[in-house]
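What follows is upload-v1.txt (compact mmCIF, C-alpha atoms and all ligand atoms).
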# COMPACT_ATOMS: atom_id res chain seq x y z
CA MET A 1 0.00 0.00 0.00
CA VAL A 2 1.18 3.48 -0.89
CA ALA A 3 -0.19 6.68 0.65
CA LEU A 4 0.05 9.92 -1.31
CA GLN A 5 -0.82 13.45 -0.31
CA GLY A 6 -1.10 16.22 -2.83
CA TRP A 7 -3.44 18.18 -5.07
CA VAL A 8 -5.97 17.31 -7.73
CA ASN A 9 -4.69 18.94 -10.89
CA ALA A 10 -7.07 17.60 -13.52
CA LYS A 11 -10.23 15.53 -13.69
CA ARG A 12 -11.59 13.52 -16.57
CA VAL A 13 -14.83 11.59 -16.43
CA VAL A 14 -15.23 8.91 -19.09
CA GLY A 15 -18.32 6.75 -18.68
CA GLY A 16 -17.97 4.89 -15.40
CA ILE A 17 -14.35 5.95 -14.86
CA VAL A 18 -12.92 9.05 -13.23
CA PHE A 19 -9.28 9.91 -13.90
CA LEU A 20 -7.75 12.26 -11.37
CA GLU A 21 -4.34 13.69 -12.08
CA ILE A 22 -2.79 14.13 -8.65
CA ILE A 23 0.37 16.03 -7.96
CA PRO A 24 2.00 14.37 -4.99
CA GLU A 25 3.72 16.54 -2.39
CA ASN A 26 7.19 15.18 -2.93
CA LEU A 27 7.38 13.67 -6.40
CA VAL A 28 8.28 15.63 -9.47
CA GLN A 29 5.87 13.80 -11.77
CA PRO A 30 2.08 13.58 -11.30
CA VAL A 31 0.21 10.30 -10.89
CA THR A 32 -3.16 9.47 -12.38
CA ALA A 33 -5.58 7.83 -9.98
CA VAL A 34 -8.20 5.75 -11.78
CA PHE A 35 -11.56 5.37 -10.01
CA LYS A 36 -13.88 2.73 -11.52
CA LYS A 37 -17.58 2.76 -10.69
CA SER A 38 -17.67 -1.00 -11.24
CA GLU A 39 -14.94 -1.53 -8.63
CA ASN A 40 -15.82 0.89 -5.85
CA ARG A 41 -18.94 3.00 -6.23
CA ASP A 42 -18.36 5.17 -3.12
CA LEU A 43 -14.81 6.12 -4.05
CA TRP A 44 -15.90 6.80 -7.61
CA LYS A 45 -18.65 9.12 -6.37
CA GLU A 46 -16.21 11.05 -4.15
CA ALA A 47 -13.73 11.40 -6.99
CA LYS A 48 -16.43 12.53 -9.40
CA LYS A 49 -17.41 15.50 -7.29
CA VAL A 50 -13.92 16.64 -6.20
CA LYS A 51 -12.87 20.09 -7.38
CA ILE A 52 -9.65 20.94 -9.20
CA GLY A 53 -7.13 22.30 -6.72
CA THR A 54 -8.31 20.23 -3.74
CA ALA A 55 -5.69 18.96 -1.33
CA VAL A 56 -6.26 15.21 -0.96
CA ARG A 57 -4.86 12.01 0.47
CA ILE A 58 -5.11 8.74 -1.38
CA GLU A 59 -4.06 5.22 -0.57
CA GLY A 60 -3.62 2.43 -3.05
CA GLU A 61 -1.15 0.78 -5.40
CA TYR A 62 0.68 1.70 -8.57
CA SER A 63 -0.65 -0.56 -11.29
CA ARG A 64 2.58 -0.27 -13.27
CA VAL A 65 0.65 0.94 -16.30
CA ARG A 66 2.23 3.97 -17.86
CA LEU A 67 -0.77 6.05 -19.01
CA SER A 68 1.15 8.79 -20.73
CA LYS A 69 4.47 10.55 -20.55
CA ARG A 70 3.08 12.62 -17.69
CA GLY A 71 2.06 10.01 -15.23
CA GLU A 72 1.75 6.57 -13.83
CA GLU A 73 -1.57 4.83 -13.11
CA PHE A 74 -2.56 4.51 -9.48
CA LYS A 75 -5.33 2.22 -8.17
CA PRO A 76 -6.89 3.89 -5.12
CA THR A 77 -8.35 2.02 -2.17
CA LYS A 78 -8.95 5.09 -0.02
CA PHE A 79 -9.64 8.71 -0.93
CA GLU A 80 -9.87 11.62 1.46
CA VAL A 81 -10.46 15.32 0.85
CA ILE A 82 -8.11 17.35 3.08
CA THR A 83 -8.84 20.92 1.96
CA PRO A 84 -11.26 21.88 -0.80
CA PRO A 85 -10.48 25.13 -2.67
CA VAL A 86 -12.37 28.27 -1.63
CA ASP A 87 -12.22 29.64 -5.16
CA ILE A 88 -11.54 28.50 -8.71
CA LEU A 89 -7.81 28.33 -9.45
CA PRO A 90 -6.66 31.56 -11.15
CA ILE A 91 -4.49 29.64 -13.62
CA ASP A 92 -4.83 26.51 -15.67
CA LEU A 93 -2.28 24.01 -14.43
CA THR A 94 -3.05 21.36 -17.02
CA GLY A 95 -0.95 23.03 -19.66
CA LYS A 96 -3.92 23.28 -22.06
CA THR A 97 -4.15 27.08 -21.92
CA PRO A 98 -0.82 28.88 -21.93
CA VAL A 99 -0.21 31.01 -18.85
CA LEU A 100 0.99 34.58 -19.48
CA PHE A 101 4.47 35.25 -18.12
CA ASP A 102 3.21 37.98 -15.82
CA THR A 103 0.47 35.73 -14.42
CA LYS A 104 2.95 32.93 -13.99
CA LEU A 105 5.21 35.16 -11.87
CA LYS A 106 2.26 36.34 -9.81
CA TYR A 107 1.10 32.79 -9.11
CA ARG A 108 4.51 31.15 -8.94
CA TYR A 109 3.61 29.50 -5.66
CA LEU A 110 0.80 27.63 -7.45
CA MET A 111 2.78 27.02 -10.62
CA LEU A 112 5.18 25.11 -8.40
CA ARG A 113 2.70 22.26 -8.39
CA LEU A 114 3.87 21.61 -11.95
CA PRO A 115 6.78 19.28 -12.69
CA LYS A 116 8.55 21.87 -14.86
CA GLU A 117 8.50 24.55 -12.24
CA ARG A 118 9.45 22.17 -9.47
CA ALA A 119 12.32 20.83 -11.54
CA ILE A 120 13.88 24.30 -11.81
CA PHE A 121 13.83 24.87 -8.08
CA LYS A 122 14.93 21.39 -7.23
CA ILE A 123 17.96 21.94 -9.45
CA ARG A 124 18.50 25.32 -7.80
CA ALA A 125 18.50 23.73 -4.34
CA ARG A 126 20.77 20.88 -5.43
CA LEU A 127 23.17 23.33 -7.00
CA LEU A 128 23.48 25.32 -3.79
CA LYS A 129 23.89 22.15 -1.76
CA HIS A 130 26.72 21.05 -4.01
CA VAL A 131 28.41 24.45 -3.91
CA ARG A 132 28.36 24.30 -0.10
CA ASP A 133 29.75 20.76 -0.08
CA PHE A 134 32.47 21.69 -2.55
CA LEU A 135 33.55 24.77 -0.63
CA GLU A 136 33.45 23.02 2.75
CA LYS A 137 35.59 20.23 1.34
CA ASN A 138 38.08 22.88 0.28
CA ASP A 139 38.21 24.31 3.81
CA PHE A 140 36.06 27.37 3.22
CA LEU A 141 34.00 28.56 6.18
CA GLU A 142 30.46 29.78 5.64
CA VAL A 143 29.95 33.26 7.12
CA HIS A 144 27.12 35.77 7.25
CA THR A 145 27.75 39.47 6.85
CA PRO A 146 25.30 42.35 7.41
CA LYS A 147 22.67 43.20 4.84
CA ILE A 148 22.07 46.62 6.38
CA VAL A 149 25.23 48.59 5.73
CA GLY A 150 26.63 52.10 5.96
CA ALA A 151 28.65 52.04 2.71
CA GLY A 152 28.35 50.33 -0.65
CA ALA A 153 31.02 48.43 -2.53
CA GLU A 154 30.12 49.05 -6.16
CA GLY A 155 29.20 52.75 -6.22
CA GLY A 156 26.37 54.91 -4.89
CA ALA A 157 23.88 54.86 -7.77
CA THR A 158 22.94 51.25 -7.24
CA LEU A 159 22.05 51.32 -3.54
CA PHE A 160 18.64 51.10 -1.90
CA GLU A 161 18.63 53.67 0.86
CA LEU A 162 16.85 53.29 4.19
CA ASP A 163 16.45 55.12 7.44
CA TYR A 164 18.37 53.50 10.28
CA PHE A 165 17.26 55.23 13.48
CA GLY A 166 17.79 58.61 11.87
CA ARG A 167 20.99 57.62 10.08
CA LYS A 168 21.34 56.88 6.40
CA ALA A 169 21.85 53.18 5.67
CA PHE A 170 21.68 50.94 2.62
CA LEU A 171 20.76 47.40 1.69
CA ALA A 172 23.97 45.52 0.91
CA GLN A 173 24.65 45.19 -2.82
CA SER A 174 27.43 42.67 -2.13
CA PRO A 175 29.34 41.27 0.88
CA GLN A 176 32.59 42.35 -0.77
CA LEU A 177 34.03 44.64 1.91
CA TYR A 178 33.11 42.36 4.81
CA LYS A 179 34.38 39.14 3.29
CA GLN A 180 37.70 40.87 2.59
CA MET A 181 37.94 42.13 6.18
CA LEU A 182 37.52 38.54 7.39
CA ILE A 183 40.52 37.39 5.36
CA THR A 184 42.75 38.89 8.02
CA SER A 185 41.63 36.14 10.40
CA ILE A 186 39.89 33.40 8.36
CA PRO A 187 41.71 32.96 5.04
CA ARG A 188 38.91 31.04 3.29
CA VAL A 189 35.36 32.30 3.60
CA TYR A 190 32.18 32.10 1.60
CA GLU A 191 28.64 33.38 1.83
CA ILE A 192 25.49 32.56 -0.09
CA THR A 193 23.66 35.82 0.07
CA PRO A 194 21.13 38.16 -1.50
CA TYR A 195 22.42 41.21 -3.40
CA PHE A 196 20.18 44.28 -3.44
CA ARG A 197 20.69 46.42 -6.53
CA ALA A 198 18.69 49.58 -7.14
CA GLU A 199 19.35 50.00 -10.87
CA GLN A 200 16.21 50.52 -12.94
CA HIS A 201 16.81 47.62 -15.28
CA HIS A 202 14.50 46.51 -18.07
CA THR A 203 16.43 43.44 -19.16
CA THR A 204 16.05 39.67 -19.06
CA ARG A 205 19.26 39.30 -17.04
CA HIS A 206 18.86 41.71 -14.09
CA LEU A 207 16.89 41.46 -10.87
CA ASN A 208 16.79 43.99 -8.04
CA GLU A 209 17.17 41.25 -5.47
CA CYS A 210 19.31 38.37 -6.62
CA TRP A 211 21.50 35.75 -4.94
CA GLY A 212 25.24 35.40 -5.07
CA ILE A 213 27.77 32.79 -4.14
CA ASP A 214 30.55 34.94 -2.72
CA VAL A 215 33.96 33.45 -2.09
CA GLU A 216 37.19 34.98 -0.82
CA MET A 217 40.55 33.25 -0.42
CA GLY A 218 43.74 34.47 1.27
CA PHE A 219 47.43 33.67 0.83
CA ILE A 220 47.11 33.36 -2.95
CA SER A 221 50.07 33.68 -5.31
CA SER A 222 48.12 35.28 -8.14
CA VAL A 223 44.65 35.69 -9.62
CA GLU A 224 45.19 32.34 -11.36
CA ASP A 225 44.52 30.62 -7.99
CA ILE A 226 41.02 32.11 -8.05
CA LEU A 227 40.41 31.22 -11.71
CA LYS A 228 41.34 27.60 -10.95
CA LEU A 229 39.01 27.48 -7.96
CA LEU A 230 36.06 28.91 -9.88
CA GLU A 231 36.68 26.64 -12.88
CA GLU A 232 36.77 23.61 -10.58
CA LEU A 233 33.64 24.75 -8.73
CA LEU A 234 31.63 25.20 -11.92
CA SER A 235 32.80 22.01 -13.60
CA SER A 236 32.01 19.92 -10.56
CA THR A 237 28.64 21.63 -10.09
CA ILE A 238 27.59 20.94 -13.67
CA GLU A 239 28.76 17.35 -13.37
CA TYR A 240 26.83 16.95 -10.11
CA ILE A 241 23.61 18.32 -11.60
CA ARG A 242 23.97 16.10 -14.67
CA GLU A 243 24.30 13.08 -12.41
CA THR A 244 21.78 13.82 -9.68
CA CYS A 245 19.06 15.72 -11.55
CA LYS A 246 18.57 13.52 -14.62
CA GLU A 247 14.80 13.41 -14.23
CA GLU A 248 14.51 17.18 -13.70
CA LEU A 249 16.73 17.93 -16.72
CA GLU A 250 14.61 15.58 -18.81
CA ILE A 251 11.40 17.29 -17.70
CA LEU A 252 12.92 20.61 -18.71
CA GLY A 253 14.24 19.20 -21.99
CA VAL A 254 17.74 20.40 -21.15
CA ASP A 255 20.86 18.77 -22.46
CA LEU A 256 23.37 20.05 -19.90
CA LYS A 257 26.85 19.69 -21.33
CA LEU A 258 30.05 19.25 -19.37
CA PRO A 259 32.17 22.31 -20.06
CA ARG A 260 35.29 22.02 -22.17
CA ARG A 261 38.40 22.60 -20.05
CA PRO A 262 40.52 24.45 -19.32
CA PHE A 263 38.22 27.45 -19.67
CA PRO A 264 40.02 29.87 -22.01
CA ARG A 265 41.53 32.94 -20.34
CA LEU A 266 40.93 35.69 -22.90
CA THR A 267 42.43 39.03 -22.09
CA TYR A 268 40.29 42.11 -22.48
CA ASP A 269 42.56 43.12 -25.38
CA ASN A 270 42.04 39.69 -27.03
CA VAL A 271 38.30 40.18 -26.74
CA ILE A 272 38.42 43.62 -28.35
CA GLN A 273 40.38 42.12 -31.22
CA LEU A 274 37.96 39.19 -31.64
CA LEU A 275 35.04 41.60 -31.70
CA GLU A 276 36.78 43.89 -34.17
CA GLU A 277 37.19 40.92 -36.52
CA ARG A 278 33.37 40.75 -36.45
CA GLY A 279 33.13 44.45 -37.24
CA ILE A 280 32.32 45.56 -33.70
CA LYS A 281 34.32 48.50 -32.42
CA VAL A 282 34.80 48.66 -28.65
CA THR A 283 36.16 51.82 -27.06
CA TRP A 284 39.17 50.73 -25.01
CA GLY A 285 38.52 51.23 -21.32
CA GLU A 286 34.81 50.56 -21.47
CA ASP A 287 33.01 47.55 -20.08
CA LEU A 288 31.51 45.14 -22.62
CA SER A 289 27.92 45.81 -23.56
CA ASP A 290 25.22 43.19 -23.57
CA ARG A 291 25.46 42.85 -27.35
CA GLU A 292 29.25 42.56 -27.27
CA GLU A 293 29.00 39.84 -24.62
CA ARG A 294 26.52 37.95 -26.80
CA VAL A 295 28.65 38.19 -29.94
CA LEU A 296 31.66 36.99 -27.95
CA GLY A 297 29.47 34.11 -26.76
CA SER A 298 28.82 32.99 -30.33
CA ILE A 299 32.50 33.35 -31.29
CA MET A 300 33.46 31.14 -28.33
CA LYS A 301 30.70 28.66 -29.10
CA GLU A 302 32.18 28.19 -32.58
CA LYS A 303 35.45 27.36 -30.84
CA GLY A 304 33.63 24.81 -28.66
CA TYR A 305 33.51 26.75 -25.39
CA ASP A 306 30.45 27.63 -23.31
CA LEU A 307 32.48 28.95 -20.37
CA TYR A 308 35.44 31.32 -20.67
CA PHE A 309 37.18 33.95 -18.59
CA ILE A 310 37.88 37.51 -19.61
CA VAL A 311 40.94 38.68 -17.70
CA ARG A 312 42.98 41.87 -17.36
CA TYR A 313 40.25 44.47 -17.71
CA PRO A 314 41.35 48.10 -17.77
CA TRP A 315 41.39 49.38 -14.19
CA GLU A 316 38.80 52.07 -15.13
CA THR A 317 36.11 49.44 -15.60
CA LYS A 318 36.57 47.81 -12.20
CA PRO A 319 35.90 48.80 -8.56
CA PHE A 320 38.53 50.34 -6.24
CA TYR A 321 39.29 47.15 -4.33
CA ILE A 322 40.72 45.35 -7.37
CA MET A 323 44.51 45.19 -7.67
CA ARG A 324 45.94 47.50 -10.30
CA ARG A 325 48.75 46.52 -12.67
CA ASP A 326 50.06 48.86 -15.44
CA GLY A 327 46.71 50.45 -16.25
CA TYR A 328 45.05 47.06 -16.22
CA SER A 329 43.63 45.15 -13.27
CA GLU A 330 43.94 41.67 -11.81
CA SER A 331 40.25 41.17 -12.36
CA PHE A 332 38.15 38.79 -14.39
CA ASP A 333 34.65 38.06 -15.52
CA LEU A 334 33.42 34.55 -16.21
CA ASP A 335 30.97 34.37 -19.09
CA TYR A 336 28.63 31.43 -19.81
CA LYS A 337 27.10 31.27 -23.30
CA GLY A 338 27.46 35.00 -23.86
CA LEU A 339 26.47 36.27 -20.41
CA GLU A 340 28.56 37.39 -17.46
CA ILE A 341 27.82 35.06 -14.55
CA SER A 342 30.67 36.00 -12.25
CA SER A 343 33.14 38.80 -11.54
CA GLY A 344 36.21 38.50 -9.41
CA GLY A 345 39.89 39.06 -9.11
CA GLN A 346 42.87 39.60 -6.91
CA ARG A 347 42.23 42.41 -4.45
CA GLU A 348 44.57 45.17 -3.34
CA HIS A 349 45.82 44.05 0.08
CA ARG A 350 48.54 46.71 0.57
CA TYR A 351 47.23 49.50 2.78
CA THR A 352 48.87 52.44 1.01
CA GLU A 353 47.98 51.22 -2.47
CA LEU A 354 44.38 50.62 -1.40
CA LEU A 355 44.12 54.14 -0.03
CA ARG A 356 45.46 55.47 -3.34
CA ASN A 357 42.91 53.39 -5.30
CA ILE A 358 40.03 54.77 -3.24
CA ARG A 359 41.18 58.35 -3.88
CA ASP A 360 41.80 57.68 -7.59
CA LYS A 361 38.22 56.43 -7.94
CA GLY A 362 37.05 59.77 -6.53
CA LEU A 363 35.79 58.17 -3.30
CA ASP A 364 36.29 59.45 0.23
CA PRO A 365 38.55 57.23 2.38
CA MET A 366 36.59 58.39 5.43
CA ASP A 367 33.57 56.43 4.16
CA PHE A 368 35.68 53.27 4.14
CA GLU A 369 37.55 53.76 7.41
CA PHE A 370 36.14 50.61 9.01
CA TYR A 371 37.24 48.61 5.97
CA LEU A 372 40.64 50.20 5.57
CA GLU A 373 41.53 49.58 9.18
CA ALA A 374 41.33 45.83 8.62
CA PHE A 375 44.23 46.20 6.18
CA LYS A 376 46.60 47.54 8.84
CA TYR A 377 47.25 44.31 10.72
CA GLY A 378 48.85 41.81 8.38
CA MET A 379 46.36 41.39 5.55
CA PRO A 380 47.58 38.61 3.24
CA PRO A 381 47.27 38.73 -0.57
CA HIS A 382 43.78 37.53 -1.45
CA GLY A 383 41.13 37.29 -4.09
CA GLY A 384 37.69 35.93 -4.76
CA PHE A 385 34.54 36.21 -6.78
CA GLY A 386 30.81 36.79 -6.74
CA LEU A 387 28.85 34.26 -8.77
CA GLY A 388 25.22 35.02 -9.60
CA VAL A 389 22.97 32.06 -8.73
CA GLU A 390 20.16 33.08 -11.10
CA ARG A 391 22.48 33.85 -14.01
CA LEU A 392 24.22 30.52 -13.58
CA LEU A 393 20.93 28.62 -13.49
CA MET A 394 19.53 30.59 -16.39
CA LYS A 395 22.45 29.58 -18.59
CA MET A 396 22.65 25.99 -17.36
CA LEU A 397 18.97 25.51 -18.14
CA ASP A 398 19.00 27.56 -21.38
CA MET A 399 16.35 29.97 -20.14
CA GLU A 400 15.57 33.23 -21.86
CA ASN A 401 14.59 35.18 -18.78
CA ILE A 402 16.33 35.33 -15.40
CA ARG A 403 12.91 35.60 -13.71
CA GLU A 404 12.38 31.89 -14.45
CA THR A 405 15.06 31.00 -11.92
CA ILE A 406 13.80 32.72 -8.76
CA ILE A 407 10.45 31.98 -7.09
CA PHE A 408 9.45 35.51 -6.11
CA THR A 409 10.75 38.17 -8.50
CA ARG A 410 11.94 41.56 -7.37
CA ASP A 411 12.26 43.83 -10.38
CA ILE A 412 11.22 47.37 -11.15
CA HIS A 413 7.56 46.30 -11.53
CA ARG A 414 7.35 43.56 -8.94
CA LEU A 415 7.29 44.10 -5.19
CA ILE A 416 4.27 41.89 -4.48
CA PRO A 417 3.94 38.96 -3.85
P1 LIG B 501 26.18 43.46 -15.01
O1 LIG B 501 27.31 44.32 -15.49
O2 LIG B 501 25.89 42.31 -15.89
O3 LIG B 501 24.97 44.25 -14.63
P2 LIG B 501 27.71 43.50 -12.60
O4 LIG B 501 29.08 43.46 -13.18
O5 LIG B 501 27.17 44.79 -12.13
O6 LIG B 501 26.69 42.81 -13.62
P3 LIG B 501 28.75 42.26 -10.25
O7 LIG B 501 28.74 43.41 -9.34
O8 LIG B 501 30.02 41.89 -10.90
O9 LIG B 501 27.64 42.47 -11.36
O10 LIG B 501 28.11 41.02 -9.47
C1 LIG B 501 28.62 39.69 -9.51
C2 LIG B 501 27.64 38.75 -10.18
O11 LIG B 501 26.36 38.84 -9.58
C3 LIG B 501 27.38 39.06 -11.64
O12 LIG B 501 28.36 38.49 -12.47
C4 LIG B 501 26.01 38.43 -11.86
O13 LIG B 501 26.12 37.03 -12.03
C5 LIG B 501 25.32 38.68 -10.53
N1 LIG B 501 24.52 39.90 -10.60
C6 LIG B 501 24.91 41.15 -10.35
N2 LIG B 501 23.92 42.04 -10.49
C7 LIG B 501 22.84 41.32 -10.83
C8 LIG B 501 21.47 41.65 -11.07
N3 LIG B 501 21.04 42.90 -11.01
N4 LIG B 501 20.62 40.65 -11.37
C9 LIG B 501 21.05 39.36 -11.41
N5 LIG B 501 22.31 38.99 -11.19
C10 LIG B 501 23.21 39.94 -10.89
MG MG B 502 30.58 42.18 -12.90
This entry written out as structure tokens:
Amino acid sequence: MVALQGWVNAKRVVGGIVFLEIIPENLVQPVTAVFKKSENRDLWKEAKKVKIGTAVRIEGEYSRVRLSKRGEEFKPTKFEVITPPVDILPIDLTGKTPVLFDTKLKYRYLMLRLPKERAIFKIRARLLKHVRDFLEKNDFLEVHTPKIVGAGAEGGATLFELDYFGRKAFLAQSPQLYKQMLITSIPRVYEITPYFRAEQHHTTRHLNECWGIDVEMGFISSVEDILKLLEELLSSTIEYIRETCKEELEILGVDLKLPRRPFPRLTYDNVIQLLEERGIKVTWGEDLSDREERVLGSIMKEKGYDLYFIVRYPWETKPFYIMRRDGYSESFDLDYKGLEISSGGQREHRYTELLRNIRDKGLDPMDFEFYLEAFKYGMPPHGGFGLGVERLLMKMLDMENIRETIIFTRDIHRLIP
């Protein structure tokens, strides 16, 4: 005997038979319970009058008949209504009528009854579990840094401001400054954290609240140590998802490929040259635009690479905390199929140089006093990265819109639910 709890998603009455598609609480795929009047009249009557959306419990056996691609046949012996719906469901979960994207985001919590939606978030959870396991195995310590902060890391325009008992405060746009401060006592730290970004984006790759995997490592010899770590992290994550989420990937119709290694390390100057060969002129010293990133993505795809680093950006394009070298910086971006999914680099750990960088960026060292002080007491060379969870998932699962990869979207139009 098997007991299932879940929701009635569809009902079909054919002569003396009622087919109920039931979405069980913990399975990805639905089951179809078949109630025959000839076998059990009372159960059949109950099933016939049940409303779509009802939370139910059934007991019975799988009859090992595969009814369709979507489900397995279940022979019920007991059927119990737990909670009937108060209203008609606002969306059609049978897949017969397409759900508008906006409606889907509004009712994401209901959409999650569907295998496709569940598959995305199961993969998301597995991915984060694996990232934690990987980092723990490599001696990184998980830390939590404040989300209410007095200074930003990436520049003032992108901060959400709030009133903190009469003082001006912000929502943290990244744990950058704090994770660096910790390097002076714990040389390997990581945090899985929300980023709050106040830019008024209208794109398919930006959210105003997104999640990052933030890693920082001390006692490094060069930025290459960080590139190696990130390459290893991504390769093992993709391999893990391929192995442990086969059913979910199948439901989503995704052929997740192992990345070709080593990931190329293109310099910024290489990239400009590659783009120029395609007739795209980039002004030296500017960050790559969305279109330039996409064209580079197709150039690299032709060469057989989905994942590649762009290293040695001009210092102008990068934040003050990045180490400077001859007009360039020890920074990198990691792009996946034409989209930046991570930024990182070696940081400036030398007190005097860091102070100079802050001034050269036109910032006031007084605003960063708490941060700067941590560099006075034996700060080792270090580096790290911020890896966007939603961007990574979006590219792994070949999704067009980043909003597909987070349950409740925060963007310029969406604050509720
Ligand atoms: P972009 O230039 O693409 O807007 P960024 O360079 O400002 O991104 P970083 O500050 O480098 O972003 O943040 C590190 C990573 O966090 C990015 O590579 C990306 O994966 C993710 N990320 C940053 N901002 C957003 C956002 N608004 N929405 C979703 N993901 C983001
Ligand atoms: Mg970046």
Using all atoms listed in the file, which residues have at least one atom no more than 9 Å from ligand MG 502 (chain B)? Output them as a ChimeraX atom specification. /A:318,332-334,340-344,386
Residues within 12 Å of Glu161 in chain A, please, as an mmCIF file with C-alpha atoms, in the coordinates of the input. Count only C-alpha atoms; anything in the same chain fewer than 6 positions from it doesn't count.
data_model
loop_
_atom_site.group_PDB
_atom_site.id
_atom_site.type_symbol
_atom_site.label_atom_id
_atom_site.label_comp_id
_atom_site.auth_asym_id
_atom_site.auth_seq_id
_atom_site.Cartn_x
_atom_site.Cartn_y
_atom_site.Cartn_z
ATOM 1 C CA LYS A 147 22.670 43.200 4.840
ATOM 2 C CA ILE A 148 22.070 46.620 6.380
ATOM 3 C CA VAL A 149 25.230 48.590 5.730
ATOM 4 C CA GLY A 150 26.630 52.100 5.960
ATOM 5 C CA ALA A 151 28.650 52.040 2.710
ATOM 6 C CA GLY A 152 28.350 50.330 -0.650
ATOM 7 C CA ARG A 167 20.990 57.620 10.080
ATOM 8 C CA LYS A 168 21.340 56.880 6.400
ATOM 9 C CA ALA A 169 21.850 53.180 5.670
ATOM 10 C CA PHE A 170 21.680 50.940 2.620
ATOM 11 C CA LEU A 171 20.760 47.400 1.690
ATOM 12 C CA ALA A 172 23.970 45.520 0.910
ATOM 13 C CA GLN A 173 24.650 45.190 -2.820
ATOM 14 C CA PHE A 196 20.180 44.280 -3.440
ATOM 15 C CA ARG A 197 20.690 46.420 -6.530
ATOM 16 C CA ALA A 198 18.690 49.580 -7.140
#
Give me, please, the distance in Å between CA of Glu247 in chain A and CA of Asp306 in chain A, quoted to one decimal.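 Atom-to-atom, CA of Glu247 in chain A to CA of Asp306 in chain A, that is 23.0 Å.
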Excluding Arg356 in chain A and its own-chain neighbours fewer than 5 positions away, which residues fall within 10 Å of it when counting all atoms listed in the file? Please give them as JSON, numbers by chain. {"A": [320, 351, 361, 362, 365]}
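Here atom O13 of ligand LIG 501 (chain B) and CA of Leu387 in chain A stand 5.1 Å from one another.
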Of the candidates A:Leu135, A:Ile280, A:Leu397, A:Leu339, which one gets nearest to Leu249 in chain A if we count only C-alpha atoms?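 Using only C-alpha atoms, Leu249 in chain A sits closest to A:Leu397.
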Show which residues sit within 7 Å of Pro380 in chain A, as a list in words. Count only C-alpha atoms, and ignore same-chain residues fewer than 2 positions away.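 My list of contacting residues is Thr184, Gly218, Phe219, His349, Gly378 and His382 of chain A.
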If we count only C-alpha atoms and set the cut-off at 12 Å, which residues sit around Glu277 in chain A, ignoring sequence neighbours fewer than 4 positions away in its own chain? Please answer as a ChimeraX atom specification. /A:270-273,281-282,295-296,299
Can you spit out the residues from that selection as a CSV table (one decimal), keeping the file's coordinate frame, using C-alpha atoms?
chain,number,residue,atom,x,y,z
A,270,ASN,CA,42.0,39.7,-27.0
A,271,VAL,CA,38.3,40.2,-26.7
A,272,ILE,CA,38.4,43.6,-28.4
A,273,GLN,CA,40.4,42.1,-31.2
A,281,LYS,CA,34.3,48.5,-32.4
A,282,VAL,CA,34.8,48.7,-28.6
A,295,VAL,CA,28.6,38.2,-29.9
A,296,LEU,CA,31.7,37.0,-28.0
A,299,ILE,CA,32.5,33.4,-31.3
Taking only C-alpha atoms, show range 181-208 of chain A of the given structure as a PDB file, in the first residue's frame.
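part_7.pdb, freshly written:
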ATOM      1  CA  MET A 181      37.941  42.127   6.178  1.00  0.00           C
ATOM      2  CA  LEU A 182      37.521  38.545   7.394  1.00  0.00           C
ATOM      3  CA  ILE A 183      40.521  37.385   5.364  1.00  0.00           C
ATOM      4  CA  THR A 184      42.750  38.887   8.024  1.00  0.00           C
ATOM      5  CA  SER A 185      41.631  36.138  10.403  1.00  0.00           C
ATOM      6  CA  ILE A 186      39.892  33.398   8.356  1.00  0.00           C
ATOM      7  CA  PRO A 187      41.711  32.957   5.041  1.00  0.00           C
ATOM      8  CA  ARG A 188      38.914  31.045   3.292  1.00  0.00           C
ATOM      9  CA  VAL A 189      35.363  32.303   3.597  1.00  0.00           C
ATOM     10  CA  TYR A 190      32.175  32.096   1.596  1.00  0.00           C
ATOM     11  CA  GLU A 191      28.643  33.382   1.828  1.00  0.00           C
ATOM     12  CA  ILE A 192      25.489  32.555  -0.094  1.00  0.00           C
ATOM     13  CA  THR A 193      23.659  35.823   0.075  1.00  0.00           C
ATOM     14  CA  PRO A 194      21.131  38.165  -1.498  1.00  0.00           C
ATOM     15  CA  TYR A 195      22.418  41.212  -3.396  1.00  0.00           C
ATOM     16  CA  PHE A 196      20.180  44.278  -3.444  1.00  0.00           C
ATOM     17  CA  ARG A 197      20.692  46.423  -6.527  1.00  0.00           C
ATOM     18  CA  ALA A 198      18.692  49.575  -7.139  1.00  0.00           C
ATOM     19  CA  GLU A 199      19.354  50.004 -10.872  1.00  0.00           C
ATOM     20  CA  GLN A 200      16.207  50.523 -12.941  1.00  0.00           C
ATOM     21  CA  HIS A 201      16.810  47.624 -15.278  1.00  0.00           C
ATOM     22  CA  HIS A 202      14.503  46.514 -18.067  1.00  0.00           C
ATOM     23  CA  THR A 203      16.426  43.442 -19.160  1.00  0.00           C
ATOM     24  CA  THR A 204      16.046  39.670 -19.065  1.00  0.00           C
ATOM     25  CA  ARG A 205      19.261  39.297 -17.038  1.00  0.00           C
ATOM     26  CA  HIS A 206      18.855  41.710 -14.092  1.00  0.00           C
ATOM     27  CA  LEU A 207      16.886  41.459 -10.870  1.00  0.00           C
ATOM     28  CA  ASN A 208      16.785  43.989  -8.044  1.00  0.00           C
TER      29      ASN A 208
END
